[in-house]
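Listing of run-v4.cif; format and content: mmCIF, N, CA and C atoms.
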```
data_run
#
loop_
_atom_site.label_atom_id
_atom_site.label_comp_id
_atom_site.auth_asym_id
_atom_site.auth_seq_id
_atom_site.Cartn_x
_atom_site.Cartn_y
_atom_site.Cartn_z
N MET M 1 159.93 155.45 171.31
CA MET M 1 159.22 154.19 171.45
C MET M 1 160.14 153.07 170.96
N ASP M 2 160.25 152.01 171.75
CA ASP M 2 161.16 150.93 171.35
C ASP M 2 160.51 150.00 170.34
N ASP M 3 161.31 149.10 169.80
CA ASP M 3 160.88 148.24 168.69
C ASP M 3 159.62 147.45 168.98
N ASP M 4 159.58 146.74 170.11
CA ASP M 4 158.45 145.87 170.41
C ASP M 4 157.19 146.65 170.78
N THR M 5 157.36 147.79 171.39
CA THR M 5 156.22 148.56 171.88
C THR M 5 155.34 149.07 170.74
N LEU M 6 155.92 149.52 169.67
CA LEU M 6 155.15 150.05 168.54
C LEU M 6 154.15 149.02 168.04
N GLN M 7 154.62 147.83 167.72
CA GLN M 7 153.72 146.81 167.20
C GLN M 7 152.73 146.35 168.27
N GLN M 8 153.14 146.31 169.53
CA GLN M 8 152.23 145.88 170.59
C GLN M 8 151.08 146.87 170.76
N TYR M 9 151.37 148.16 170.69
CA TYR M 9 150.30 149.17 170.77
C TYR M 9 149.31 148.95 169.63
N ALA M 10 149.82 148.68 168.43
CA ALA M 10 148.94 148.46 167.28
C ALA M 10 148.10 147.19 167.48
N ARG M 11 148.73 146.11 167.91
CA ARG M 11 148.00 144.85 168.16
C ARG M 11 146.92 145.03 169.22
N ASP M 12 147.28 145.72 170.30
CA ASP M 12 146.32 145.93 171.38
C ASP M 12 145.10 146.71 170.90
N ARG M 13 145.32 147.70 170.05
CA ARG M 13 144.19 148.49 169.54
C ARG M 13 143.30 147.63 168.65
N VAL M 14 143.89 146.79 167.82
CA VAL M 14 143.11 145.94 166.91
C VAL M 14 142.17 145.03 167.69
N GLU M 15 142.61 144.57 168.86
CA GLU M 15 141.76 143.69 169.68
C GLU M 15 140.45 144.36 170.07
N GLU M 16 140.41 145.67 170.05
CA GLU M 16 139.21 146.42 170.42
C GLU M 16 138.32 146.76 169.22
N LEU M 17 138.73 146.38 168.03
CA LEU M 17 138.00 146.74 166.82
C LEU M 17 137.11 145.58 166.36
N PRO M 18 135.79 145.79 166.33
CA PRO M 18 134.86 144.72 165.94
C PRO M 18 135.13 144.19 164.53
N GLY M 19 135.15 142.88 164.41
CA GLY M 19 135.30 142.24 163.10
C GLY M 19 136.73 142.15 162.59
N ALA M 20 137.70 142.64 163.34
CA ALA M 20 139.10 142.60 162.88
C ALA M 20 139.67 141.21 163.10
N GLU M 21 140.41 140.73 162.10
CA GLU M 21 141.04 139.41 162.16
C GLU M 21 142.45 139.50 161.60
N VAL M 22 143.31 138.59 162.06
CA VAL M 22 144.68 138.53 161.55
C VAL M 22 144.82 137.27 160.70
N GLU M 23 145.54 137.41 159.59
CA GLU M 23 145.83 136.30 158.69
C GLU M 23 147.31 136.37 158.32
N HIS M 24 147.79 135.31 157.67
CA HIS M 24 149.19 135.25 157.26
C HIS M 24 149.30 134.81 155.80
N PRO M 25 148.69 135.55 154.87
CA PRO M 25 148.71 135.12 153.46
C PRO M 25 150.08 135.24 152.80
N PHE M 26 150.98 136.03 153.38
CA PHE M 26 152.31 136.21 152.81
C PHE M 26 153.37 135.45 153.59
N GLY M 27 152.94 134.54 154.45
CA GLY M 27 153.86 133.76 155.26
C GLY M 27 153.94 134.29 156.68
N PRO M 28 154.73 133.61 157.52
CA PRO M 28 154.77 133.94 158.95
C PRO M 28 155.43 135.28 159.28
N ASP M 29 156.11 135.89 158.32
CA ASP M 29 156.78 137.17 158.58
C ASP M 29 155.85 138.37 158.47
N TRP M 30 154.62 138.15 158.05
CA TRP M 30 153.66 139.24 157.85
C TRP M 30 152.37 138.93 158.60
N ASP M 31 151.99 139.81 159.53
CA ASP M 31 150.66 139.76 160.14
C ASP M 31 149.79 140.73 159.34
N VAL M 32 148.74 140.20 158.72
CA VAL M 32 147.86 141.01 157.88
C VAL M 32 146.50 141.10 158.59
N TYR M 33 146.13 142.32 158.97
CA TYR M 33 144.88 142.55 159.69
C TYR M 33 143.81 143.01 158.71
N LYS M 34 142.66 142.34 158.81
CA LYS M 34 141.57 142.62 157.88
C LYS M 34 140.27 142.82 158.65
N VAL M 35 139.37 143.55 158.01
CA VAL M 35 137.98 143.63 158.45
C VAL M 35 137.14 143.27 157.23
N ARG M 36 136.34 142.24 157.37
CA ARG M 36 135.49 141.73 156.27
C ARG M 36 136.32 141.48 155.00
N ASP M 37 137.48 140.84 155.17
CA ASP M 37 138.37 140.45 154.08
C ASP M 37 139.08 141.61 153.40
N LYS M 38 139.07 142.79 154.00
CA LYS M 38 139.77 143.95 153.44
C LYS M 38 140.90 144.36 154.40
N VAL M 39 142.10 144.50 153.86
CA VAL M 39 143.28 144.82 154.67
C VAL M 39 143.23 146.25 155.18
N PHE M 40 143.54 146.41 156.48
CA PHE M 40 143.67 147.76 157.03
C PHE M 40 144.99 147.97 157.78
N MET M 41 145.73 146.88 158.06
CA MET M 41 147.01 147.04 158.75
C MET M 41 147.88 145.82 158.49
N LEU M 42 149.19 146.07 158.39
CA LEU M 42 150.17 144.99 158.26
C LEU M 42 151.28 145.23 159.27
N LEU M 43 151.77 144.15 159.87
CA LEU M 43 152.92 144.21 160.76
C LEU M 43 153.98 143.27 160.21
N THR M 44 155.21 143.73 160.20
CA THR M 44 156.31 142.88 159.74
C THR M 44 157.62 143.37 160.33
N GLU M 45 158.60 142.49 160.30
CA GLU M 45 159.97 142.84 160.65
C GLU M 45 160.88 142.41 159.51
N ILE M 46 160.34 142.35 158.31
CA ILE M 46 161.03 141.81 157.14
C ILE M 46 162.33 142.57 156.82
N THR M 47 162.39 143.84 157.19
CA THR M 47 163.58 144.64 156.92
C THR M 47 164.57 144.62 158.08
N GLY M 48 164.23 143.87 159.14
CA GLY M 48 165.06 143.85 160.33
C GLY M 48 164.59 144.83 161.39
N GLU M 49 163.60 145.61 161.06
CA GLU M 49 163.02 146.60 161.97
C GLU M 49 161.51 146.36 162.02
N PRO M 50 160.91 146.34 163.21
CA PRO M 50 159.46 146.19 163.28
C PRO M 50 158.77 147.40 162.66
N MET M 51 157.78 147.13 161.82
CA MET M 51 157.03 148.20 161.16
C MET M 51 155.54 147.95 161.33
N VAL M 52 154.80 149.04 161.34
CA VAL M 52 153.34 149.01 161.30
C VAL M 52 152.94 149.78 160.05
N ILE M 53 152.15 149.15 159.19
CA ILE M 53 151.74 149.77 157.93
C ILE M 53 150.22 149.91 157.96
N VAL M 54 149.73 151.14 157.81
CA VAL M 54 148.29 151.42 157.89
C VAL M 54 147.84 152.32 156.74
N LYS M 55 146.54 152.26 156.46
CA LYS M 55 145.96 153.17 155.47
C LYS M 55 145.84 154.56 156.07
N ALA M 56 145.88 155.54 155.20
CA ALA M 56 145.68 156.93 155.62
C ALA M 56 145.12 157.70 154.44
N ALA M 57 144.25 158.65 154.72
CA ALA M 57 143.78 159.54 153.65
C ALA M 57 145.01 160.24 153.08
N PRO M 58 145.08 160.41 151.77
CA PRO M 58 146.29 160.99 151.16
C PRO M 58 146.78 162.29 151.81
N GLU M 59 145.87 163.22 152.08
CA GLU M 59 146.29 164.50 152.68
C GLU M 59 146.78 164.30 154.11
N ASP M 60 146.17 163.37 154.84
CA ASP M 60 146.63 163.08 156.20
C ASP M 60 148.00 162.41 156.18
N GLY M 61 148.18 161.46 155.28
CA GLY M 61 149.45 160.77 155.17
C GLY M 61 150.58 161.73 154.86
N LYS M 62 150.33 162.66 153.96
CA LYS M 62 151.35 163.66 153.60
C LYS M 62 151.71 164.51 154.83
N ALA M 63 150.70 164.99 155.54
CA ALA M 63 150.95 165.83 156.72
C ALA M 63 151.70 165.04 157.80
N LEU M 64 151.32 163.80 158.02
CA LEU M 64 151.99 162.98 159.03
C LEU M 64 153.45 162.73 158.67
N ARG M 65 153.72 162.48 157.40
CA ARG M 65 155.11 162.26 156.97
C ARG M 65 155.94 163.52 157.17
N GLU M 66 155.33 164.69 156.98
CA GLU M 66 156.05 165.95 157.17
C GLU M 66 156.30 166.25 158.64
N GLN M 67 155.40 165.81 159.51
CA GLN M 67 155.50 166.11 160.94
C GLN M 67 156.35 165.12 161.73
N HIS M 68 156.45 163.88 161.24
CA HIS M 68 157.13 162.82 162.00
C HIS M 68 158.15 162.11 161.12
N GLU M 69 159.41 162.12 161.54
CA GLU M 69 160.42 161.44 160.76
C GLU M 69 160.25 159.92 160.81
N ASP M 70 159.48 159.41 161.79
CA ASP M 70 159.25 157.97 161.92
C ASP M 70 158.03 157.49 161.13
N ILE M 71 157.45 158.35 160.33
CA ILE M 71 156.35 157.97 159.45
C ILE M 71 156.82 158.20 158.01
N THR M 72 156.77 157.12 157.24
CA THR M 72 157.23 157.16 155.85
C THR M 72 156.13 156.59 154.94
N PRO M 73 156.29 156.70 153.63
CA PRO M 73 155.30 156.10 152.73
C PRO M 73 155.18 154.60 152.98
N GLY M 74 154.02 154.04 152.68
CA GLY M 74 153.74 152.63 152.94
C GLY M 74 154.73 151.68 152.29
N TYR M 75 155.34 150.83 153.10
CA TYR M 75 156.31 149.85 152.62
C TYR M 75 155.59 148.83 151.75
N HIS M 76 156.00 148.72 150.49
CA HIS M 76 155.42 147.79 149.52
C HIS M 76 153.92 147.98 149.31
N MET M 77 153.44 149.20 149.55
CA MET M 77 152.02 149.51 149.37
C MET M 77 151.91 150.78 148.54
N ASN M 78 150.69 151.13 148.16
CA ASN M 78 150.43 152.36 147.44
C ASN M 78 150.91 153.53 148.31
N LYS M 79 151.87 154.28 147.84
CA LYS M 79 152.49 155.35 148.63
C LYS M 79 151.55 156.51 148.92
N GLN M 80 150.48 156.61 148.16
CA GLN M 80 149.53 157.70 148.38
C GLN M 80 148.53 157.36 149.48
N HIS M 81 148.21 156.08 149.65
CA HIS M 81 147.14 155.67 150.56
C HIS M 81 147.61 154.90 151.80
N TRP M 82 148.90 154.64 151.91
CA TRP M 82 149.42 153.86 153.03
C TRP M 82 150.64 154.56 153.62
N ILE M 83 150.81 154.42 154.94
CA ILE M 83 151.98 154.95 155.62
C ILE M 83 152.61 153.85 156.48
N THR M 84 153.90 153.99 156.75
CA THR M 84 154.62 153.05 157.60
C THR M 84 155.08 153.79 158.85
N LEU M 85 154.83 153.17 160.00
CA LEU M 85 155.27 153.70 161.29
C LEU M 85 156.51 152.92 161.72
N HIS M 86 157.55 153.65 162.10
CA HIS M 86 158.81 153.04 162.51
C HIS M 86 159.06 153.33 164.00
N PRO M 87 159.70 152.40 164.71
CA PRO M 87 160.02 152.63 166.13
C PRO M 87 161.23 153.55 166.29
N GLY M 88 161.46 153.94 167.51
CA GLY M 88 162.69 154.65 167.83
C GLY M 88 162.57 156.16 167.92
N GLY M 89 161.43 156.70 167.56
CA GLY M 89 161.33 158.16 167.55
C GLY M 89 160.29 158.69 168.50
N ASP M 90 159.58 159.72 168.04
CA ASP M 90 158.68 160.47 168.91
C ASP M 90 157.21 160.04 168.83
N LEU M 91 156.91 158.93 168.18
CA LEU M 91 155.52 158.51 168.08
C LEU M 91 155.00 158.12 169.46
N GLN M 92 153.82 158.61 169.77
CA GLN M 92 153.20 158.33 171.06
C GLN M 92 152.12 157.26 170.91
N LYS M 93 151.82 156.58 172.02
CA LYS M 93 150.83 155.51 172.02
C LYS M 93 149.50 155.98 171.43
N GLN M 94 149.02 157.14 171.85
CA GLN M 94 147.72 157.63 171.37
C GLN M 94 147.72 157.83 169.86
N LEU M 95 148.80 158.32 169.30
CA LEU M 95 148.88 158.52 167.86
C LEU M 95 148.83 157.17 167.14
N VAL M 96 149.57 156.19 167.63
CA VAL M 96 149.55 154.86 167.03
C VAL M 96 148.13 154.29 167.06
N GLU M 97 147.49 154.38 168.22
CA GLU M 97 146.11 153.88 168.35
C GLU M 97 145.17 154.62 167.40
N ASP M 98 145.31 155.93 167.32
CA ASP M 98 144.45 156.72 166.43
C ASP M 98 144.66 156.35 164.97
N LEU M 99 145.91 156.13 164.56
CA LEU M 99 146.19 155.79 163.17
C LEU M 99 145.66 154.40 162.82
N VAL M 100 145.75 153.46 163.74
CA VAL M 100 145.18 152.12 163.51
C VAL M 100 143.66 152.23 163.38
N THR M 101 143.04 152.99 164.27
CA THR M 101 141.59 153.16 164.22
C THR M 101 141.15 153.84 162.94
N GLU M 102 141.86 154.86 162.54
CA GLU M 102 141.51 155.59 161.31
C GLU M 102 141.65 154.69 160.09
N SER M 103 142.67 153.86 160.05
CA SER M 103 142.86 152.93 158.95
C SER M 103 141.69 151.95 158.88
N TYR M 104 141.31 151.41 160.02
CA TYR M 104 140.16 150.50 160.12
C TYR M 104 138.89 151.19 159.60
N LEU M 105 138.65 152.41 160.04
CA LEU M 105 137.43 153.13 159.63
C LEU M 105 137.45 153.48 158.14
N LEU M 106 138.62 153.77 157.58
CA LEU M 106 138.71 154.03 156.14
C LEU M 106 138.26 152.81 155.34
N VAL M 107 138.60 151.63 155.82
CA VAL M 107 138.17 150.41 155.15
C VAL M 107 136.68 150.17 155.38
N VAL M 108 136.24 150.29 156.62
CA VAL M 108 134.84 150.03 156.96
C VAL M 108 133.90 150.94 156.18
N GLU M 109 134.26 152.20 156.01
CA GLU M 109 133.34 153.13 155.34
C GLU M 109 133.14 152.79 153.86
N HIS M 110 134.03 151.97 153.29
CA HIS M 110 133.87 151.57 151.89
C HIS M 110 133.22 150.19 151.74
N LEU M 111 132.87 149.58 152.86
CA LEU M 111 132.15 148.31 152.81
C LEU M 111 130.67 148.57 152.57
N PRO M 112 129.97 147.60 151.96
CA PRO M 112 128.51 147.75 151.88
C PRO M 112 127.93 147.89 153.30
N ARG M 113 126.92 148.70 153.46
CA ARG M 113 126.36 148.96 154.80
C ARG M 113 126.04 147.68 155.56
N ALA M 114 125.52 146.69 154.88
CA ALA M 114 125.14 145.44 155.53
C ALA M 114 126.34 144.66 156.08
N LYS M 115 127.54 144.94 155.57
CA LYS M 115 128.74 144.23 156.01
C LYS M 115 129.54 145.00 157.05
N ARG M 116 129.17 146.23 157.32
CA ARG M 116 129.94 147.05 158.26
C ARG M 116 129.74 146.56 159.70
N PRO M 117 130.83 146.25 160.41
CA PRO M 117 130.69 145.83 161.80
C PRO M 117 130.38 147.00 162.74
N VAL M 118 130.65 148.22 162.28
CA VAL M 118 130.37 149.44 163.05
C VAL M 118 129.95 150.53 162.07
N ASP M 119 129.34 151.58 162.60
CA ASP M 119 129.03 152.75 161.79
C ASP M 119 130.27 153.66 161.85
N PRO M 120 130.96 153.83 160.71
CA PRO M 120 132.20 154.62 160.75
C PRO M 120 131.98 156.08 161.14
N ALA M 121 130.78 156.59 160.99
CA ALA M 121 130.52 157.99 161.34
C ALA M 121 130.42 158.19 162.85
N THR M 122 130.08 157.15 163.59
CA THR M 122 129.88 157.31 165.03
C THR M 122 130.79 156.44 165.89
N PHE M 123 131.51 155.49 165.30
CA PHE M 123 132.34 154.59 166.09
C PHE M 123 133.36 155.35 166.92
N GLY M 124 133.39 155.04 168.21
CA GLY M 124 134.38 155.65 169.10
C GLY M 124 134.02 157.03 169.62
N LYS M 125 132.94 157.57 169.16
CA LYS M 125 132.53 158.90 169.63
C LYS M 125 131.57 158.72 170.81
N SER M 126 131.87 159.38 171.91
CA SER M 126 131.01 159.26 173.09
C SER M 126 129.74 160.04 172.88
N GLU M 127 128.69 159.55 173.50
CA GLU M 127 127.39 160.24 173.39
C GLU M 127 127.40 161.48 174.26
N GLN M 128 126.82 162.53 173.74
CA GLN M 128 126.84 163.79 174.47
C GLN M 128 125.46 164.23 174.80
#
```
Any chance you could give the structure as structure tokens?
Amino acid sequence: MDDDTLQQYARDRVEELPGAEVEHPFGPDWDVYKVRDKVFMLLTEITGEPMVIVKAAPEDGKALREQHEDITPGYHMNKQHWITLHPGGDLQKQLVEDLVTESYLLVVEHLPRAKRPVDPATFGKSEQ
């Protein structure tokens, strides 16, 4: 996956997530995506390489880092709860979209029920 594509896949997925907004509290070099004022994704090229930084359950983050050389601990974030996605390797569009969605849902599930824009237990699951 090339440099621009990684961040574009992440941005495109965020557009489909209810209540998601982008802010720039750290300046123009950082796109900070929030749901109800809680961060779930950051995009930056501060190191010279486009990065996508998302939340992940600790056990999932560990497994992802072991399986993909393009996934590392969260850049400037809690290394146990955040991961960084880097371009240039084997990451697929679906995985990027899934990781953005999972990060969003991890934040939403910790919001008070009245503030949740979606039900994290059923969001994205088709009715059967």
| field | Residues selected by the PyMOL selection byres (((chain M and resi 120 and name CA) around 12) and name CA), written as a ChimeraX atom specification | value | /M:17-18,101-113,115-119,121-125
| With distances taken over only C-alpha atoms, which of M:Glu97, M:Asp37, M:Glu15, M:Asp60 is nearest to Ile83 (chain M)? | M:Asp60
| field | Residue set, region 67-123 of chain M restricted to strand (DSSP E or B), as a list in words | value | Ile71, Thr72, Pro73, Trp82, Ile83, Thr84 and Leu85 of chain M
| request: Give the helix (DSSP H, G or I) residues of region 7-86 of chain M, as assigned by DSSP on the backbone, as a ChimeraX atom specification. | output: /M:7-14,58-67
| field | Who sits within 7 Å of Met41 (chain M), only N, CA and C atoms, same chain under 6 positions skipped, as a list in words | value |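 The residues that qualify are Asp31, Val32, Tyr33, Lys34, Val52, Ile53, Val54, Lys55, Ser103 and Tyr104 of chain M.
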Kindly complete region 65-78 of chain M to N, CA, C and O atoms; the output should be written as a compact mmCIF listing (two decimals), keeping the file's coordinate frame.
```txt
# COMPACT_ATOMS: atom_id res chain seq x y z
N ARG M 65 153.72 162.48 157.40
CA ARG M 65 155.11 162.26 156.97
C ARG M 65 155.94 163.52 157.17
O ARG M 65 157.13 163.45 157.49
N GLU M 66 155.33 164.69 156.98
CA GLU M 66 156.05 165.95 157.17
C GLU M 66 156.30 166.25 158.64
O GLU M 66 157.31 166.85 158.99
N GLN M 67 155.40 165.81 159.51
CA GLN M 67 155.50 166.11 160.94
C GLN M 67 156.35 165.12 161.73
O GLN M 67 156.86 165.46 162.80
N HIS M 68 156.45 163.88 161.24
CA HIS M 68 157.13 162.82 162.00
C HIS M 68 158.15 162.11 161.12
O HIS M 68 157.78 161.50 160.12
N GLU M 69 159.41 162.12 161.54
CA GLU M 69 160.42 161.44 160.76
C GLU M 69 160.25 159.92 160.81
O GLU M 69 160.77 159.21 159.96
N ASP M 70 159.48 159.41 161.79
CA ASP M 70 159.25 157.97 161.92
C ASP M 70 158.03 157.49 161.13
O ASP M 70 157.61 156.34 161.28
N ILE M 71 157.45 158.35 160.33
CA ILE M 71 156.35 157.97 159.45
C ILE M 71 156.82 158.20 158.01
O ILE M 71 157.22 159.30 157.65
N THR M 72 156.77 157.12 157.24
CA THR M 72 157.23 157.16 155.85
C THR M 72 156.13 156.59 154.94
O THR M 72 155.14 156.04 155.43
N PRO M 73 156.29 156.70 153.63
CA PRO M 73 155.30 156.10 152.73
C PRO M 73 155.18 154.60 152.98
O PRO M 73 156.12 153.97 153.46
N GLY M 74 154.02 154.04 152.68
CA GLY M 74 153.74 152.63 152.94
C GLY M 74 154.73 151.68 152.29
O GLY M 74 154.93 151.73 151.08
N TYR M 75 155.34 150.83 153.10
CA TYR M 75 156.31 149.85 152.62
C TYR M 75 155.59 148.83 151.75
O TYR M 75 154.66 148.16 152.19
N HIS M 76 156.00 148.72 150.49
CA HIS M 76 155.42 147.79 149.52
C HIS M 76 153.92 147.98 149.31
O HIS M 76 153.20 147.04 148.99
N MET M 77 153.44 149.20 149.55
CA MET M 77 152.02 149.51 149.37
C MET M 77 151.91 150.78 148.54
O MET M 77 152.90 151.45 148.28
N ASN M 78 150.69 151.13 148.16
CA ASN M 78 150.43 152.36 147.44
C ASN M 78 150.91 153.53 148.31
O ASN M 78 150.41 153.71 149.42
```
